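Notes for the one structure printed next.
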Amino acid sequence: MVTYLSPQWFEHANAALAQHRGLGAAWREHPIILQQQVEGAPTPSYALVLDGGGPRLTVGDAEDPTATFRLSHETAAAIAQGAISAQAAFQAGQLHIEGEVTTLIAGLERLAAVGDILADLRAETEF
């Protein structure tokens with residue numbers, strides 16, 4: 001078991017994502033950088049990068065994110081476990097979004113693919 005958003009979790013997540021570097025070709029022309037600011041998390045700031053290099057997570061603040069999600073560790077864990085959708089968290093005021101929301105909406109399919117890639121890790125994660 002690995003703790004959600006711990007350094008070990010990021011290692012496991014990036015190992016899983018690295019197996020799908022070929023997806024980068026689909027994202028080369030329309031990259032997405034989704035910054036996450038998670039209050040109370042072991043790693044409070046990280047970014048999901050979807051670009052020509054393939055999907056990956058980077059710890060810290062991204063230089064020029066497409067959008068930024070601000071949420072609590074509890075809400076982030078609930079979304080990661082599938083207990084609540086990001087849309088429902090947003091509507092409930094538990095998730096705040098800044099940036100290019102229309103670009104995120106256009107990239108929902110790509111974002112869902114990342115969730116599928118990380119499915120096995122979710123089963124091994126302690127939230």
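In the structure tokens, the first chain shown is A, the next is B, and so on; residue numbers restart at 1 for each chain, and ligands run from 1 in the order shown.
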
Which neighbours of Thr43 (chain A) fall inside 8 Å, counting only C-alpha atoms, when residues of the same chain fewer than 4 positions from it are skipped, and could you give them as a ChimeraX atom specification?
/A:5-7,38,59

Go ahead and write the selection's residues with C-alpha atoms as a PDB file, in the first residue's frame.
ATOM      1  CA  LEU A   5      -0.099  11.934  -2.739  1.00  0.00           C
ATOM      2  CA  SER A   6       3.019  10.741  -0.893  1.00  0.00           C
ATOM      3  CA  PRO A   7       6.392  10.718  -2.691  1.00  0.00           C
ATOM      4  CA  VAL A  38      -4.328  20.224  -2.342  1.00  0.00           C
ATOM      5  CA  VAL A  59       5.710  17.761  -8.003  1.00  0.00           C
TER       6      VAL A  59
END

Per DSSP on the backbone, filter chain A down to the residues in helix (DSSP H, G or I) and report them as a ChimeraX atom specification.
/A:7-18,21-27,73-81,86-91,101-106,108-117,119-123

Take the residues that were just selected and, keeping C-alpha atoms, output them as a PDB file, in the first residue's frame.
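Output (part_20.pdb):
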ATOM      1  CA  PRO A   7       6.392  10.718  -2.691  1.00  0.00           C
ATOM      2  CA  GLN A   8       6.027   6.941  -3.148  1.00  0.00           C
ATOM      3  CA  TRP A   9       2.555   7.404  -4.683  1.00  0.00           C
ATOM      4  CA  PHE A  10       4.012   9.797  -7.270  1.00  0.00           C
ATOM      5  CA  GLU A  11       6.750   7.258  -8.087  1.00  0.00           C
ATOM      6  CA  HIS A  12       4.161   4.520  -8.662  1.00  0.00           C
ATOM      7  CA  ALA A  13       1.874   6.846 -10.632  1.00  0.00           C
ATOM      8  CA  ASN A  14       4.661   7.993 -12.936  1.00  0.00           C
ATOM      9  CA  ALA A  15       5.806   4.402 -13.475  1.00  0.00           C
ATOM     10  CA  ALA A  16       2.271   3.509 -14.613  1.00  0.00           C
ATOM     11  CA  LEU A  17       1.997   6.624 -16.776  1.00  0.00           C
ATOM     12  CA  ALA A  18       5.430   5.983 -18.361  1.00  0.00           C
ATOM     13  CA  ARG A  21       4.291   7.570 -23.387  1.00  0.00           C
ATOM     14  CA  GLY A  22       2.943   6.803 -26.865  1.00  0.00           C
ATOM     15  CA  LEU A  23      -0.189   8.765 -25.980  1.00  0.00           C
ATOM     16  CA  GLY A  24       1.939  11.907 -26.201  1.00  0.00           C
ATOM     17  CA  ALA A  25       1.437  12.098 -29.953  1.00  0.00           C
ATOM     18  CA  ALA A  26      -2.274  12.708 -29.401  1.00  0.00           C
ATOM     19  CA  TRP A  27      -1.519  15.536 -26.957  1.00  0.00           C
ATOM     20  CA  HIS A  73      -7.024  16.632   0.733  1.00  0.00           C
ATOM     21  CA  GLU A  74     -10.338  15.050   1.759  1.00  0.00           C
ATOM     22  CA  THR A  75     -12.046  16.174  -1.456  1.00  0.00           C
ATOM     23  CA  ALA A  76      -9.077  15.118  -3.609  1.00  0.00           C
ATOM     24  CA  ALA A  77      -9.133  11.654  -2.029  1.00  0.00           C
ATOM     25  CA  ALA A  78     -12.900  11.350  -2.552  1.00  0.00           C
ATOM     26  CA  ILE A  79     -12.518  12.261  -6.234  1.00  0.00           C
ATOM     27  CA  ALA A  80      -9.585   9.853  -6.667  1.00  0.00           C
ATOM     28  CA  GLN A  81     -11.613   7.023  -5.115  1.00  0.00           C
ATOM     29  CA  ALA A  86     -14.942  16.531  -9.919  1.00  0.00           C
ATOM     30  CA  GLN A  87     -18.088  18.119 -11.356  1.00  0.00           C
ATOM     31  CA  ALA A  88     -20.101  17.344  -8.212  1.00  0.00           C
ATOM     32  CA  ALA A  89     -17.275  18.661  -6.004  1.00  0.00           C
ATOM     33  CA  PHE A  90     -17.191  21.852  -8.079  1.00  0.00           C
ATOM     34  CA  GLN A  91     -20.957  22.284  -7.828  1.00  0.00           C
ATOM     35  CA  VAL A 101     -12.001  25.677 -18.268  1.00  0.00           C
ATOM     36  CA  THR A 102     -13.067  25.281 -21.907  1.00  0.00           C
ATOM     37  CA  THR A 103      -9.720  23.637 -22.697  1.00  0.00           C
ATOM     38  CA  LEU A 104     -10.265  21.212 -19.815  1.00  0.00           C
ATOM     39  CA  ILE A 105     -13.747  20.373 -21.062  1.00  0.00           C
ATOM     40  CA  ALA A 106     -12.353  19.725 -24.537  1.00  0.00           C
ATOM     41  CA  LEU A 108     -12.087  15.395 -20.722  1.00  0.00           C
ATOM     42  CA  GLU A 109     -11.544  12.227 -22.724  1.00  0.00           C
ATOM     43  CA  ARG A 110      -7.772  12.524 -22.293  1.00  0.00           C
ATOM     44  CA  LEU A 111      -8.155  13.204 -18.585  1.00  0.00           C
ATOM     45  CA  ALA A 112     -10.382  10.126 -18.244  1.00  0.00           C
ATOM     46  CA  ALA A 113      -7.686   8.039 -19.966  1.00  0.00           C
ATOM     47  CA  VAL A 114      -5.246   9.008 -17.211  1.00  0.00           C
ATOM     48  CA  GLY A 115      -7.763   7.848 -14.610  1.00  0.00           C
ATOM     49  CA  ASP A 116      -7.976   4.504 -16.388  1.00  0.00           C
ATOM     50  CA  ILE A 117      -4.179   4.189 -16.454  1.00  0.00           C
ATOM     51  CA  ALA A 119      -6.841   2.310 -11.836  1.00  0.00           C
ATOM     52  CA  ASP A 120      -4.471  -0.401 -10.571  1.00  0.00           C
ATOM     53  CA  LEU A 121      -2.650   2.123  -8.388  1.00  0.00           C
ATOM     54  CA  ARG A 122      -5.956   3.209  -6.819  1.00  0.00           C
ATOM     55  CA  ALA A 123      -6.463  -0.356  -5.629  1.00  0.00           C
TER      56      ALA A 123
END

Could you pull the residues within 10 Å of Ser72 (chain A), counting only C-alpha atoms, minus those fewer than 5 positions along the same chain, as a PyMOL selection string?
chain A and resi 37-41+44+77-78+94-95

Which of chain A DSSP labels strand (DSSP E or B), written as an mmCIF file with C-alpha atoms, in the first residue's frame:
data_model
loop_
_atom_site.group_PDB
_atom_site.id
_atom_site.type_symbol
_atom_site.label_atom_id
_atom_site.label_comp_id
_atom_site.auth_asym_id
_atom_site.auth_seq_id
_atom_site.Cartn_x
_atom_site.Cartn_y
_atom_site.Cartn_z
ATOM 1 C CA VAL A 2 1.121 3.538 -0.738
ATOM 2 C CA THR A 3 -0.279 6.699 0.808
ATOM 3 C CA ILE A 32 -2.980 20.273 -20.977
ATOM 4 C CA ILE A 33 -1.231 21.091 -17.714
ATOM 5 C CA LEU A 34 -3.562 20.666 -14.759
ATOM 6 C CA GLN A 35 -2.113 22.175 -11.584
ATOM 7 C CA GLN A 36 -3.442 20.760 -8.317
ATOM 8 C CA GLN A 37 -3.250 22.692 -5.044
ATOM 9 C CA VAL A 38 -4.328 20.224 -2.342
ATOM 10 C CA GLU A 39 -4.594 21.676 1.154
ATOM 11 C CA SER A 45 1.227 21.018 -5.070
ATOM 12 C CA TYR A 46 1.617 18.962 -8.228
ATOM 13 C CA ALA A 47 0.665 19.017 -11.890
ATOM 14 C CA LEU A 48 -0.688 16.506 -14.365
ATOM 15 C CA VAL A 49 1.079 17.151 -17.663
ATOM 16 C CA LEU A 50 -0.432 15.849 -20.911
ATOM 17 C CA ASP A 51 1.794 16.831 -23.821
ATOM 18 C CA GLY A 54 3.244 11.608 -22.711
ATOM 19 C CA PRO A 55 1.325 11.730 -19.437
ATOM 20 C CA ARG A 56 3.204 12.431 -16.222
ATOM 21 C CA LEU A 57 2.920 14.024 -12.796
ATOM 22 C CA THR A 58 5.353 16.679 -11.617
ATOM 23 C CA VAL A 59 5.710 17.761 -8.003
ATOM 24 C CA ALA A 67 -5.990 25.342 -15.235
ATOM 25 C CA THR A 68 -5.572 25.067 -11.480
ATOM 26 C CA PHE A 69 -7.706 23.003 -9.120
ATOM 27 C CA ARG A 70 -7.797 24.102 -5.469
ATOM 28 C CA LEU A 71 -9.302 21.635 -3.034
ATOM 29 C CA SER A 72 -8.847 19.913 0.309
ATOM 30 C CA LEU A 95 -13.359 22.320 -5.799
ATOM 31 C CA HIS A 96 -12.300 25.710 -7.144
ATOM 32 C CA ILE A 97 -11.099 25.985 -10.735
ATOM 33 C CA GLU A 98 -9.050 28.791 -12.253
ATOM 34 C CA GLY A 99 -7.829 29.056 -15.826
ATOM 35 C CA THR A 125 -3.514 3.264 -2.395
ATOM 36 C CA GLU A 126 -4.302 4.112 1.197
#

May I ask for the distance between CA of Ala62 (chain A) and CA of Glu100 (chain A), given in Å to one decimal place?
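Atom-to-atom, CA of Ala62 (chain A) and CA of Glu100 (chain A) are spaced 14.6 Å apart.
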